[in-house]
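Novice: Just so it is clear, I am handing over final.txt, which has compact mmCIF, C-alpha atoms.
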```txt
# COMPACT_ATOMS: atom_id res chain seq x y z
CA MET A 1 0.00 0.00 0.00
CA THR A 2 2.83 2.40 0.87
CA ARG A 3 4.36 1.85 -2.55
CA LYS A 4 0.99 2.51 -4.20
CA ILE A 5 0.63 5.78 -2.29
CA LEU A 6 4.12 6.90 -3.20
CA ALA A 7 3.62 5.92 -6.83
CA LEU A 8 0.38 7.87 -7.06
CA PHE A 9 1.93 10.84 -5.29
CA VAL A 10 4.82 10.94 -7.75
CA ALA A 11 2.55 10.35 -10.72
CA CYS A 12 0.28 13.19 -9.74
CA MET A 13 3.18 15.57 -9.39
CA LEU A 14 3.51 15.04 -13.14
CA VAL A 15 -0.14 15.74 -13.92
CA PRO A 16 -0.55 18.89 -16.02
CA ILE A 17 -1.93 21.76 -13.98
CA TRP A 18 -5.58 22.50 -14.63
CA PRO A 19 -7.33 25.63 -13.62
CA VAL A 20 -9.72 24.76 -10.66
CA PHE A 21 -12.57 25.73 -8.39
CA ALA A 22 -11.71 28.20 -5.68
CA ASP A 23 -14.30 29.52 -3.28
CA LYS A 24 -12.55 32.83 -2.77
CA PRO A 25 -10.38 34.90 -5.07
CA ARG A 26 -6.79 33.81 -4.89
CA ASP A 27 -4.01 33.96 -7.43
CA GLY A 28 -2.19 30.74 -6.78
CA ILE A 29 -1.99 27.00 -7.03
CA SER A 30 -2.42 24.19 -4.52
CA TYR A 31 -1.32 20.62 -4.76
CA ILE A 32 -3.32 18.41 -2.42
CA PHE A 33 -2.75 14.80 -1.43
CA ASN A 34 -5.42 13.19 0.75
CA PHE A 35 -5.52 9.70 2.21
CA TYR A 36 -8.26 7.83 4.03
CA GLY A 37 -8.13 4.29 5.39
CA ASP A 38 -10.14 2.29 7.92
CA ASN A 39 -10.31 -1.17 9.43
CA GLY A 40 -13.15 -2.08 7.07
CA ASN A 41 -10.47 -2.17 4.37
CA ASN A 42 -11.79 0.99 2.76
CA ARG A 43 -9.02 3.10 1.23
CA VAL A 44 -9.14 6.39 -0.60
CA ILE A 45 -6.07 7.99 -2.10
CA ALA A 46 -7.08 11.37 -3.45
CA PRO A 47 -4.52 13.68 -5.02
CA SER A 48 -5.77 16.85 -6.68
CA VAL A 49 -4.58 20.11 -8.11
CA ALA A 50 -6.39 23.41 -7.56
CA LEU A 51 -5.63 26.59 -9.43
CA SER A 52 -7.15 30.02 -9.07
CA LYS A 53 -5.87 32.37 -11.74
CA LYS A 54 -6.45 36.10 -11.80
CA LEU A 55 -7.67 37.03 -15.27
CA SER A 56 -8.18 40.75 -14.71
CA ASP A 57 -8.72 43.16 -11.81
CA THR A 58 -12.13 41.66 -11.14
CA TYR A 59 -12.25 38.17 -12.67
CA TYR A 60 -10.69 34.92 -11.50
CA LEU A 61 -10.79 31.54 -13.15
CA GLY A 62 -10.91 28.58 -10.83
CA ALA A 63 -10.39 24.94 -11.66
CA ASN A 64 -9.95 21.73 -9.72
CA LEU A 65 -8.99 18.30 -10.95
CA GLY A 66 -8.46 15.22 -8.85
CA VAL A 67 -8.28 11.46 -8.93
CA ASP A 68 -9.74 9.37 -6.12
CA ALA A 69 -8.36 5.85 -6.04
CA ILE A 70 -10.91 3.97 -3.96
CA THR A 71 -10.64 0.47 -2.50
CA SER A 72 -13.85 -0.55 -0.74
CA ALA A 73 -14.60 -4.18 -1.38
CA THR A 74 -14.99 -5.75 2.01
CA LYS A 75 -18.62 -5.21 2.78
CA LYS A 76 -19.23 -8.64 4.22
CA THR A 77 -22.31 -10.65 4.94
CA SER A 78 -22.75 -12.80 7.99
CA THR A 79 -24.34 -15.74 6.28
CA THR A 80 -22.70 -15.97 2.90
CA THR A 81 -19.40 -15.26 1.28
CA SER A 82 -20.94 -13.61 -1.74
CA THR A 83 -23.00 -10.44 -1.72
CA ALA A 84 -25.98 -10.01 -3.95
CA SER A 85 -24.00 -7.69 -6.18
CA GLY A 86 -21.60 -10.48 -6.93
CA GLU A 87 -18.70 -9.05 -4.95
CA GLU A 88 -16.79 -11.57 -2.94
CA GLY A 89 -17.42 -10.78 0.68
CA GLY A 90 -14.14 -12.15 1.86
CA ASP A 91 -11.90 -10.25 -0.53
CA GLU A 92 -9.51 -8.58 1.86
CA ALA A 93 -7.52 -6.89 -0.91
CA GLY A 94 -10.58 -5.19 -2.36
CA ASN A 95 -11.14 -3.81 -5.84
CA LEU A 96 -9.48 -0.58 -6.82
CA HIS A 97 -11.64 1.80 -8.82
CA LEU A 98 -11.16 5.40 -9.78
CA ARG A 99 -13.30 8.47 -9.39
CA VAL A 100 -12.33 11.55 -11.36
CA PRO A 101 -13.87 14.80 -10.09
CA ALA A 102 -13.33 18.10 -11.87
CA SER A 103 -14.82 21.55 -11.52
CA LEU A 104 -14.54 24.88 -13.25
CA SER A 105 -15.69 28.26 -11.99
CA LEU A 106 -15.54 31.96 -12.66
CA THR A 107 -15.40 34.50 -9.84
CA TYR A 108 -16.24 38.17 -10.04
CA ASP A 109 -14.72 40.14 -7.18
CA LYS A 110 -15.04 43.90 -6.89
CA ASP A 111 -15.10 46.14 -3.85
CA ASP A 112 -17.40 44.47 -1.32
CA ASP A 113 -18.97 41.88 -3.61
CA THR A 114 -17.83 38.43 -4.66
CA LEU A 115 -19.87 36.31 -7.04
CA THR A 116 -18.87 32.80 -8.11
CA GLY A 117 -20.55 30.43 -10.54
CA GLY A 118 -19.41 27.11 -11.88
CA GLY A 119 -19.95 23.50 -12.71
CA TYR A 120 -18.77 20.14 -11.39
CA TYR A 121 -18.45 16.76 -13.05
CA SER A 122 -17.28 13.44 -11.68
CA TYR A 123 -17.12 9.99 -13.15
CA GLU A 124 -16.71 6.58 -11.59
CA ASN A 125 -17.73 3.09 -12.64
CA THR A 126 -21.03 3.14 -10.80
CA TYR A 127 -21.90 6.83 -10.65
CA THR A 128 -21.86 10.04 -12.64
CA GLY A 129 -22.05 13.37 -10.83
CA ARG A 130 -23.02 16.67 -12.44
CA SER A 131 -23.62 19.86 -10.49
CA LEU A 132 -24.04 23.58 -10.96
CA PHE A 133 -23.23 25.95 -8.14
CA ALA A 134 -23.28 29.67 -7.42
CA ALA A 135 -22.25 31.74 -4.42
CA TYR A 136 -22.51 35.40 -3.52
CA THR A 137 -20.77 37.16 -0.64
CA ARG A 138 -21.20 40.77 0.40
CA ARG A 139 -18.88 42.43 2.89
CA MET A 140 -20.11 45.41 4.87
CA ASN A 141 -19.66 47.39 8.08
CA LEU A 142 -15.99 48.07 7.26
CA ASN A 143 -15.46 44.37 6.61
CA ASN A 144 -16.79 43.49 10.06
CA THR A 145 -19.78 41.69 8.57
CA ALA A 146 -20.05 39.33 5.63
CA LEU A 147 -23.24 37.84 4.28
CA GLY A 148 -23.05 34.83 2.03
CA ILE A 149 -25.52 32.75 0.11
CA ALA A 150 -24.64 29.68 -1.92
CA PHE A 151 -26.77 27.37 -4.01
CA SER A 152 -25.93 24.08 -5.67
CA LYS A 153 -27.99 21.61 -7.63
CA SER A 154 -26.81 18.20 -8.76
CA PHE A 155 -28.12 15.97 -11.55
CA ASP A 156 -26.46 12.65 -10.76
CA ASN A 157 -26.98 9.17 -12.14
CA TRP A 158 -26.25 5.72 -10.82
CA ILE A 159 -24.75 3.20 -13.21
CA PRO A 160 -26.05 0.15 -11.34
CA ASP A 161 -25.55 -3.53 -11.96
CA ARG A 162 -29.19 -4.27 -11.15
CA GLN A 163 -32.56 -2.72 -11.93
CA LEU A 164 -33.39 0.26 -9.72
CA SER A 165 -36.66 2.14 -9.36
CA THR A 166 -34.79 5.09 -10.85
CA ASP A 167 -31.18 5.67 -11.80
CA ARG A 168 -31.35 9.33 -10.88
CA ARG A 169 -30.23 11.08 -7.76
CA SER A 170 -30.35 14.82 -7.38
CA GLU A 171 -29.43 17.04 -4.48
CA ARG A 172 -30.11 20.68 -3.82
CA ALA A 173 -28.32 22.70 -1.16
CA LEU A 174 -28.87 26.26 -0.06
CA ASP A 175 -26.34 27.68 2.42
CA MET A 176 -26.65 31.05 4.11
CA THR A 177 -23.74 32.44 6.08
CA LEU A 178 -23.35 35.37 8.41
CA THR A 179 -19.83 36.22 9.54
CA GLN A 180 -19.23 38.86 12.18
CA LEU A 181 -16.11 40.21 13.86
CA LEU A 182 -16.83 40.56 17.58
CA SER A 183 -13.58 42.16 18.65
CA PRO A 184 -10.01 42.47 17.35
CA ARG A 185 -9.44 38.98 18.79
CA GLN A 186 -12.73 37.21 18.14
CA SER A 187 -14.97 36.34 15.22
CA MET A 188 -18.14 34.32 14.80
CA GLN A 189 -19.95 32.67 11.93
CA PHE A 190 -23.49 31.34 11.58
CA VAL A 191 -24.42 28.92 8.82
CA PHE A 192 -27.86 27.66 7.91
CA SER A 193 -28.22 24.95 5.28
CA SER A 194 -31.35 23.68 3.61
CA LEU A 195 -30.91 20.32 1.88
CA GLN A 196 -33.12 18.28 -0.39
CA SER A 197 -32.46 14.98 -2.14
CA GLU A 198 -34.50 13.00 -4.66
CA GLY A 199 -34.10 9.75 -6.54
CA PHE A 200 -32.52 6.48 -5.51
CA LEU A 201 -30.84 7.48 -2.25
CA ALA A 202 -29.58 4.13 -0.92
CA GLN A 203 -26.45 2.32 -2.04
CA PRO A 204 -27.56 -0.06 -4.83
CA THR A 205 -25.13 -2.74 -3.63
CA ASP A 206 -26.18 -2.72 0.04
CA ALA A 207 -28.10 -5.88 0.79
CA PHE A 208 -29.12 -8.05 3.72
CA VAL A 209 -28.54 -11.66 2.78
CA THR A 210 -29.83 -14.70 4.64
CA SER A 211 -30.04 -18.34 3.64
CA ALA A 212 -33.71 -17.77 2.77
CA PHE A 213 -33.75 -14.39 1.00
CA THR A 214 -31.84 -11.34 -0.13
CA ILE A 215 -33.25 -7.87 0.39
CA TYR A 216 -31.66 -4.72 -0.95
CA ALA A 217 -31.45 -1.43 0.87
CA GLN A 218 -34.35 0.82 -0.04
CA TYR A 219 -34.83 4.33 1.33
CA PRO A 220 -37.60 6.87 0.75
CA ASP A 221 -37.13 8.57 -2.60
CA THR A 222 -37.10 12.08 -1.15
CA ARG A 223 -35.29 13.57 1.80
CA LYS A 224 -35.41 17.06 3.24
CA GLY A 225 -33.12 18.27 5.95
CA SER A 226 -31.58 21.34 7.46
CA ALA A 227 -28.51 22.18 9.48
CA ALA A 228 -27.64 25.14 11.66
CA ALA A 229 -24.06 25.72 12.73
CA VAL A 230 -22.06 28.26 14.64
CA ARG A 231 -18.30 28.82 14.76
CA LEU A 232 -16.33 30.95 17.18
CA VAL A 233 -12.64 31.77 16.78
CA THR A 234 -10.86 33.40 19.71
CA LEU A 235 -7.30 34.55 20.16
CA LEU A 236 -6.52 33.27 23.65
CA ASN A 237 -3.15 34.98 23.74
CA GLU A 238 -0.64 36.23 21.19
CA PRO A 239 0.45 32.83 19.84
CA THR A 240 -2.68 30.74 20.54
CA SER A 241 -6.12 30.60 18.99
CA PHE A 242 -9.11 28.44 19.91
CA HIS A 243 -11.87 27.32 17.52
CA ILE A 244 -15.28 26.06 18.58
CA TYR A 245 -17.82 24.65 16.12
CA TYR A 246 -21.27 23.24 16.78
CA ARG A 247 -23.80 21.92 14.26
CA TYR A 248 -27.34 20.67 14.73
CA TYR A 249 -28.86 18.66 11.89
CA ARG A 250 -32.31 17.16 11.38
CA ASP A 251 -34.25 15.69 8.49
CA ASP A 252 -37.59 14.15 7.64
CA TRP A 253 -36.18 10.64 8.00
CA HIS A 254 -36.10 11.46 11.75
CA ILE A 255 -32.32 11.60 11.83
CA GLN A 256 -30.99 14.24 14.18
CA SER A 257 -27.35 14.84 14.93
CA ASP A 258 -25.00 16.97 16.99
CA THR A 259 -21.45 17.75 15.96
CA VAL A 260 -18.88 19.49 18.13
CA ASN A 261 -15.41 20.37 16.88
CA LEU A 262 -12.69 21.98 19.00
CA GLU A 263 -9.35 23.13 17.57
CA LEU A 264 -6.35 24.77 19.17
CA TYR A 265 -3.58 26.41 17.13
CA ARG A 266 -0.30 27.81 18.40
CA ASP A 267 2.52 29.66 16.69
CA ILE A 268 5.65 27.72 17.56
CA SER A 269 7.90 29.97 15.51
CA ARG A 270 7.57 32.40 12.61
CA SER A 271 7.57 29.47 10.23
CA LEU A 272 5.57 26.85 12.13
CA VAL A 273 2.01 26.69 13.43
CA LEU A 274 0.89 23.53 15.23
CA GLY A 275 -2.68 22.54 15.96
CA ALA A 276 -4.69 19.85 17.72
CA ARG A 277 -8.34 18.98 17.44
CA TYR A 278 -11.16 16.92 18.88
CA ARG A 279 -14.46 16.18 17.15
CA TYR A 280 -17.53 14.47 18.57
CA TYR A 281 -20.48 13.34 16.47
CA ARG A 282 -23.68 11.57 17.40
CA GLN A 283 -26.86 10.84 15.50
CA SER A 284 -30.23 9.22 16.00
CA ALA A 285 -31.72 6.49 13.81
CA SER A 286 -33.92 6.91 10.76
CA PHE A 287 -37.57 5.98 11.15
CA PHE A 288 -37.13 2.85 8.99
CA ALA A 289 -34.08 1.46 10.78
CA LYS A 290 -34.69 -1.89 12.46
CA PRO A 291 -32.49 -4.69 13.76
CA LEU A 292 -31.27 -6.53 10.67
CA ASN A 293 -32.91 -9.81 11.59
CA ALA A 294 -36.29 -8.07 11.91
CA TYR A 295 -36.42 -7.25 8.18
CA THR A 296 -38.54 -9.36 5.87
CA PRO A 297 -38.80 -9.28 2.07
CA SER A 298 -42.14 -7.48 2.38
CA ASP A 299 -40.60 -4.44 4.09
CA PRO A 300 -40.85 -1.47 1.69
CA LEU A 301 -37.96 0.38 3.36
CA VAL A 302 -34.76 -1.36 4.39
CA ALA A 303 -31.61 0.05 5.95
CA VAL A 304 -28.40 -1.95 5.97
CA ASP A 305 -25.88 0.87 6.17
CA TYR A 306 -24.98 1.81 9.76
CA ARG A 307 -25.41 5.49 8.84
CA MET A 308 -29.18 5.03 9.05
CA TYR A 309 -28.86 3.94 12.70
CA ALA A 310 -27.95 5.64 15.94
CA PHE A 311 -24.21 5.78 16.61
CA HIS A 312 -21.53 8.18 17.70
CA SER A 313 -17.90 8.80 16.77
CA ASN A 314 -14.83 10.51 18.13
CA THR A 315 -12.00 12.07 16.13
CA VAL A 316 -8.66 13.44 17.28
CA GLY A 317 -6.06 15.04 15.06
CA LEU A 318 -2.90 17.05 14.70
CA MET A 319 -2.23 19.81 12.18
CA ALA A 320 0.80 21.79 11.08
CA ILE A 321 1.30 24.82 8.85
CA VAL A 322 4.86 25.30 7.67
CA LYS A 323 6.05 28.52 6.04
CA PRO A 324 9.63 28.13 4.82
CA SER A 325 11.81 30.87 6.22
CA ARG A 326 14.24 30.82 3.31
CA PRO A 327 14.01 29.93 -0.38
CA LEU A 328 14.12 26.22 -1.03
CA LEU A 329 14.88 26.84 -4.64
CA ARG A 330 15.96 30.03 -6.32
CA LYS A 331 12.94 29.89 -8.56
CA PHE A 332 10.44 30.04 -5.69
CA ASP A 333 9.81 32.88 -3.31
CA ALA A 334 9.63 31.27 0.14
CA ASP A 335 7.14 33.90 1.34
CA LYS A 336 4.65 32.58 -1.19
CA LEU A 337 5.04 28.94 -0.27
CA LYS A 338 3.07 27.15 2.41
CA LEU A 339 2.90 23.50 3.44
CA LYS A 340 -0.10 22.23 5.40
CA LEU A 341 -0.15 18.82 7.06
CA SER A 342 -2.80 17.03 9.07
CA ALA A 343 -3.53 13.56 10.40
CA ASP A 344 -6.76 12.52 12.12
CA VAL A 345 -7.83 9.28 13.73
CA PHE A 346 -11.49 8.45 14.25
CA THR A 347 -13.46 5.64 15.79
CA THR A 348 -17.18 4.93 15.82
CA SER A 349 -19.23 3.29 18.50
CA LYS A 350 -19.94 -0.43 18.22
CA HIS A 351 -22.81 -1.33 15.95
CA GLU A 352 -24.46 -4.52 14.69
CA ASN A 353 -24.56 -3.25 11.10
CA ILE A 354 -20.87 -2.35 11.10
CA GLN A 355 -20.19 -5.91 12.23
CA TYR A 356 -22.43 -7.23 9.47
CA LEU A 357 -20.92 -5.10 6.69
CA TYR A 358 -17.27 -4.97 7.68
CA ASN A 359 -16.71 -7.88 10.08
CA THR A 360 -15.50 -5.54 12.78
CA ASP A 361 -17.52 -4.23 15.69
CA ARG A 362 -16.56 -0.58 15.13
CA LEU A 363 -14.94 1.41 12.36
CA THR A 364 -11.57 2.94 13.17
CA GLY A 365 -9.59 4.85 10.61
CA LEU A 366 -7.11 7.50 9.65
CA PHE A 367 -7.32 10.38 7.27
CA ALA A 368 -4.33 12.48 6.39
CA SER A 369 -3.80 15.49 4.17
CA ILE A 370 -0.79 17.20 2.64
CA THR A 371 -1.27 20.53 0.86
CA LEU A 372 1.39 22.57 -0.86
CA GLU A 373 0.26 26.12 -1.63
CA TYR A 374 2.00 28.59 -3.85
CA ASP A 375 0.79 32.13 -4.52
CA PHE A 376 1.76 33.69 -7.82
CA MET B 377 -40.60 24.89 11.20
CA ASN B 378 -41.80 25.44 7.67
CA ARG B 379 -38.74 26.04 5.51
CA TYR B 380 -40.73 28.43 3.31
CA ILE B 381 -40.95 30.75 6.30
CA LEU B 382 -37.58 29.95 7.82
CA VAL B 383 -35.41 30.53 4.77
CA PRO B 384 -36.80 33.96 3.76
CA GLY B 385 -36.85 34.94 7.45
CA LEU B 386 -33.19 34.11 7.88
CA LEU B 387 -32.36 35.90 4.64
CA ALA B 388 -34.09 39.03 5.91
CA LEU B 389 -32.38 38.72 9.30
CA PHE B 390 -28.98 38.32 7.67
CA ALA B 391 -29.61 41.27 5.38
CA LEU B 392 -30.59 43.47 8.31
CA ALA B 393 -27.36 42.50 10.05
CA GLY B 394 -25.49 44.47 7.45
CA CYS B 395 -27.44 47.65 8.00
CA THR B 396 -26.17 48.83 11.33
CA GLU B 397 -22.93 50.48 12.30
CA LYS B 398 -23.27 48.93 15.75
CA LEU B 399 -21.70 45.86 14.18
CA VAL B 400 -18.45 47.73 13.46
CA ASN B 401 -16.51 46.26 16.35
CA VAL B 402 -13.10 46.25 14.71
CA GLN B 403 -11.48 49.16 12.91
CA PRO B 404 -9.38 48.43 9.81
CA TYR B 405 -6.13 49.09 11.69
CA GLU B 406 -7.14 46.49 14.33
CA MET B 407 -7.49 43.56 11.95
CA GLU B 408 -3.93 42.25 12.00
CA TYR B 409 -4.80 39.06 13.89
CA PHE B 410 -7.43 38.03 11.34
CA ALA B 411 -4.75 37.86 8.65
CA GLN B 412 -3.04 35.04 10.51
CA ASP B 413 -3.63 31.42 9.48
CA LYS B 414 -4.61 30.35 12.95
CA MET B 415 -7.42 32.93 13.10
CA ARG B 416 -9.13 31.83 9.90
CA PHE B 417 -12.32 29.79 10.24
CA THR B 418 -10.65 26.96 8.29
CA PRO B 419 -6.87 27.29 8.64
CA LEU B 420 -6.41 24.10 6.61
CA GLU B 421 -9.01 24.72 3.96
CA GLU B 422 -8.20 21.85 1.62
CA ARG B 423 -8.09 19.40 4.53
CA THR B 424 -11.50 20.68 5.63
CA ALA B 425 -12.96 20.08 2.16
CA PHE B 426 -11.69 16.49 2.14
CA GLU B 427 -12.83 15.90 5.70
CA THR B 428 -16.32 17.23 4.90
CA HIS B 429 -16.47 14.77 2.03
CA ILE B 430 -15.32 11.88 4.24
CA ASP B 431 -17.82 12.86 6.95
CA SER B 432 -20.62 12.85 4.40
CA ILE B 433 -19.67 9.25 3.58
CA ARG B 434 -19.34 8.09 7.21
CA GLU B 435 -22.31 9.97 8.65
CA ALA B 436 -25.91 10.69 7.68
CA SER B 437 -25.69 14.43 8.25
CA ALA B 438 -24.67 17.22 5.92
CA GLY B 439 -24.63 21.00 5.69
CA GLY B 440 -23.50 23.56 8.21
CA SER B 441 -20.55 24.68 6.14
CA SER B 442 -20.26 26.96 3.17
CA GLY B 443 -18.14 24.60 1.08
CA PHE B 444 -19.48 22.96 -2.06
CA GLN B 445 -19.51 19.16 -2.20
CA GLY B 446 -20.09 17.47 -5.53
CA GLY B 447 -21.99 14.24 -6.05
CA CYS B 448 -20.35 10.94 -5.20
CA GLY B 449 -21.44 7.32 -5.36
CA CYS B 450 -19.84 6.65 -1.97
CA ARG B 451 -22.67 8.28 -0.08
```
Would you mind giving the structure from this file in structure tokens?
Specialist:
Amino acid sequence: MTRKILALFVACMLVPIWPVFADKPRDGISYIFNFYGDNGNNRVIAPSVALSKKLSDTYYLGANLGVDAITSATKKTSTTTSTASGEEGGDEAGNLHLRVPASLSLTYDKDDDTLTGGGYYSYENTYTGRSLFAAYTRRMNLNNTALGIAFSKSFDNWIPDRQLSTDRRSERALDMTLTQLLSPRQSMQFVFSSLQSEGFLAQPTDAFVTSAFTIYAQYPDTRKGSAAAVRLVTLLNEPTSFHIYYRYYRDDWHIQSDTVNLELYRDISRSLVLGARYRYYRQSASFFAKPLNAYTPSDPLVAVDYRMYAFHSNTVGLMAIVKPSRPLLRKFDADKLKLKLSADVFTTSKHENIQYLYNTDRLTGLFASITLEYDF
Amino acid sequence: MNRYILVPGLLALFALAGCTEKLVNVQPYEMEYFAQDKMRFTPLEERTAFETHIDSIREASAGGSSGFQGGCGCR
């Protein structure tokens, strides 16, 4: 696996630079390498390149291109070695497949207004994603207040290996943001999101298999939800800042959740910032979630995925921001270069469905990120 | 609460928030701390985007951030 990661990392350094999506005007390029792995033998290696290029005094072109190499083949059944989709349940190595996401956007930025519009496309063997998005931000009160509104609409399609009630899945998201400076050392942000999904919303391959029958996951074909979140950033003292984030989510599938994220950053030197974080998440079950053995073939709605059930998770992580204090190469200005590193470990609570799908009582995993930023 | 009332209501509330000078708590010459990485809402922005994507795969919740997440067959 290490050799695969290194090979992909090196290969992606050679990928031609594409102009990419940027959510704020910036004249620069970022190379990003993300990794995710868990004890369910799910692996994601996701390098990408993001470029935001200033075209004129007011216009920026943004582009983003990535490759997600995904290994996720070990969804196991308790009673058979073969899932209904034909995947071998006991395949520890898993099947590698690729997802290629790309987006393109144009940003208008003048005085106190920023307007961004763009499109997104992704392709993988079993799914095609297409989205349009737009965002507007207005700064006011001497830049003490910023109001933002963002809208996105997707027109996605499954490419399933069995007949579904519909191949379509669409999602609509409306985000409203209010950012306010409270003092020279404190700022706050409120976010409200309205979410709506339609189409086939379960995983087509999720199935509950017994010796007598096989039933596939089936969710309601619409879902409406909303989330409200608040962030507070405080400078505790000259080198240390503290971040608090809380989100409340609910939807019409009766899922409610609470998310708390705490982060602490400290300037170690002029060229190094270190951070640590803790995240707690808990959710309730959907109205159609039942113990697996209680399902029968006549049930119209079936949940196999643990995400439709009540569980909680904990995440801890470390972050670093490195700003080289002297030029690494003559060609690059060290003041414009920034390296960002992070590694997070998470673990979920024990759950029957995790045991059923992954042959482990809880999911534990690592996600890590390396970002190299360069401003033109 | 009915979203058809909630969404326009929040829009109006947010718009009104920009109409008062009482919200000018920080003068331009006092903003030096907000230029620092550690004072940004997402100091590691690209990590946050990836993490939001991973969370949307591992959990049933979404929203509460201003970042755009494209469609994915993992969810």
Novice: Taking all atoms listed in the file into account, name the residue in A:Asp267, A:Glu198, A:Asp57, A:Asp112 that is nearest to chain B.
Specialist: A:Asp267
Novice: If you count only C-alpha atoms, which residues fall within 7 Å of Leu339 (chain A), apart from same-chain ones fewer than 4 positions away, as a PDB file with C-alpha atoms, keeping the file's coordinate frame?
Specialist:
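Writing done, so here's selection_26.pdb:
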```
ATOM      1  CA  ILE A 321       1.300  24.820   8.850  1.00  0.00           C
ATOM      2  CA  VAL A 322       4.860  25.300   7.670  1.00  0.00           C
ATOM      3  CA  LYS A 323       6.050  28.520   6.040  1.00  0.00           C
ATOM      4  CA  THR A 371      -1.270  20.530   0.860  1.00  0.00           C
ATOM      5  CA  LEU A 372       1.390  22.570  -0.860  1.00  0.00           C
ATOM      6  CA  GLU A 373       0.260  26.120  -1.630  1.00  0.00           C
TER       7      GLU A 373
END
```
Novice: I'd like the interatomic distance between CA of Lys54 (chain A) and CA of Ser103 (chain A), to a tenth of an Å.
Specialist: 16.8 Å
Novice: For a cut-off of 7 Å around (-19.6, 1.3, -10.8), file coordinates, pick out all residues using all atoms listed in the file and list them as a list in words.
Specialist: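 Looking at atoms near the point gives Glu124, Asn125, Thr126, Tyr127, Ile159 and Pro160 of chain A.
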Novice: Quick one: which residues from chain B are at most 6 Å off chain A, using only C-alpha atoms, as a list of chain:residue names?
Specialist: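 Listed by rising number, the hits are B:Val400, B:Asn401, B:Val402, B:Glu406, B:Lys414, B:Arg423, B:Glu435, B:Ala436, B:Gly439, B:Gly440, B:Gly447, B:Gly449.
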Novice: Which value, in Å to one decimal, gives the distance between CA of Thr116 (chain A) and CA of Lys336 (chain A)?
Specialist: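 Pair CA of Thr116 (chain A) / CA of Lys336 (chain A) returns 24.5 Å.
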Novice: Just to confirm, what's the straight-line distance from CA of Tyr216 (chain A) to CA of His97 (chain A) in Å (one decimal)?
Specialist: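 Between CA of Tyr216 (chain A) and CA of His97 (chain A) the gap is 22.5 Å.
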Novice: Could you model N, CA and C atoms for region 427-440 of chain B and present them as a short mmCIF file (atom, residue, chain, number, x, y, z; two decimals), in the frame of the given file?
Specialist:
```cif
data_model
loop_
_atom_site.label_atom_id
_atom_site.label_comp_id
_atom_site.auth_asym_id
_atom_site.auth_seq_id
_atom_site.Cartn_x
_atom_site.Cartn_y
_atom_site.Cartn_z
N GLU B 427 -12.21 16.45 4.49
CA GLU B 427 -12.83 15.90 5.70
C GLU B 427 -14.36 15.98 5.61
N THR B 428 -14.87 17.10 5.07
CA THR B 428 -16.32 17.23 4.90
C THR B 428 -16.85 16.13 3.99
N HIS B 429 -16.07 15.83 2.96
CA HIS B 429 -16.47 14.77 2.03
C HIS B 429 -16.45 13.41 2.75
N ILE B 430 -15.41 13.14 3.50
CA ILE B 430 -15.32 11.88 4.24
C ILE B 430 -16.45 11.77 5.27
N ASP B 431 -16.73 12.88 5.96
CA ASP B 431 -17.82 12.86 6.95
C ASP B 431 -19.16 12.56 6.29
N SER B 432 -19.35 13.09 5.08
CA SER B 432 -20.62 12.85 4.40
C SER B 432 -20.75 11.39 3.97
N ILE B 433 -19.63 10.68 3.90
CA ILE B 433 -19.67 9.25 3.58
C ILE B 433 -19.88 8.43 4.85
N ARG B 434 -19.29 8.87 5.97
CA ARG B 434 -19.34 8.09 7.21
C ARG B 434 -20.57 8.38 8.05
N GLU B 435 -21.21 9.53 7.80
CA GLU B 435 -22.31 9.97 8.65
C GLU B 435 -23.53 10.32 7.80
N ALA B 436 -24.69 10.41 8.43
CA ALA B 436 -25.91 10.69 7.68
C ALA B 436 -26.22 12.18 7.59
N SER B 437 -25.41 13.00 8.21
CA SER B 437 -25.69 14.43 8.25
C SER B 437 -24.92 15.17 7.17
N ALA B 438 -25.36 16.38 6.89
CA ALA B 438 -24.67 17.22 5.92
C ALA B 438 -25.00 18.68 6.24
N GLY B 439 -24.35 19.57 5.52
CA GLY B 439 -24.63 21.00 5.69
C GLY B 439 -23.88 21.60 6.86
N GLY B 440 -24.15 22.87 7.10
CA GLY B 440 -23.50 23.56 8.21
C GLY B 440 -22.14 24.09 7.86
#
```
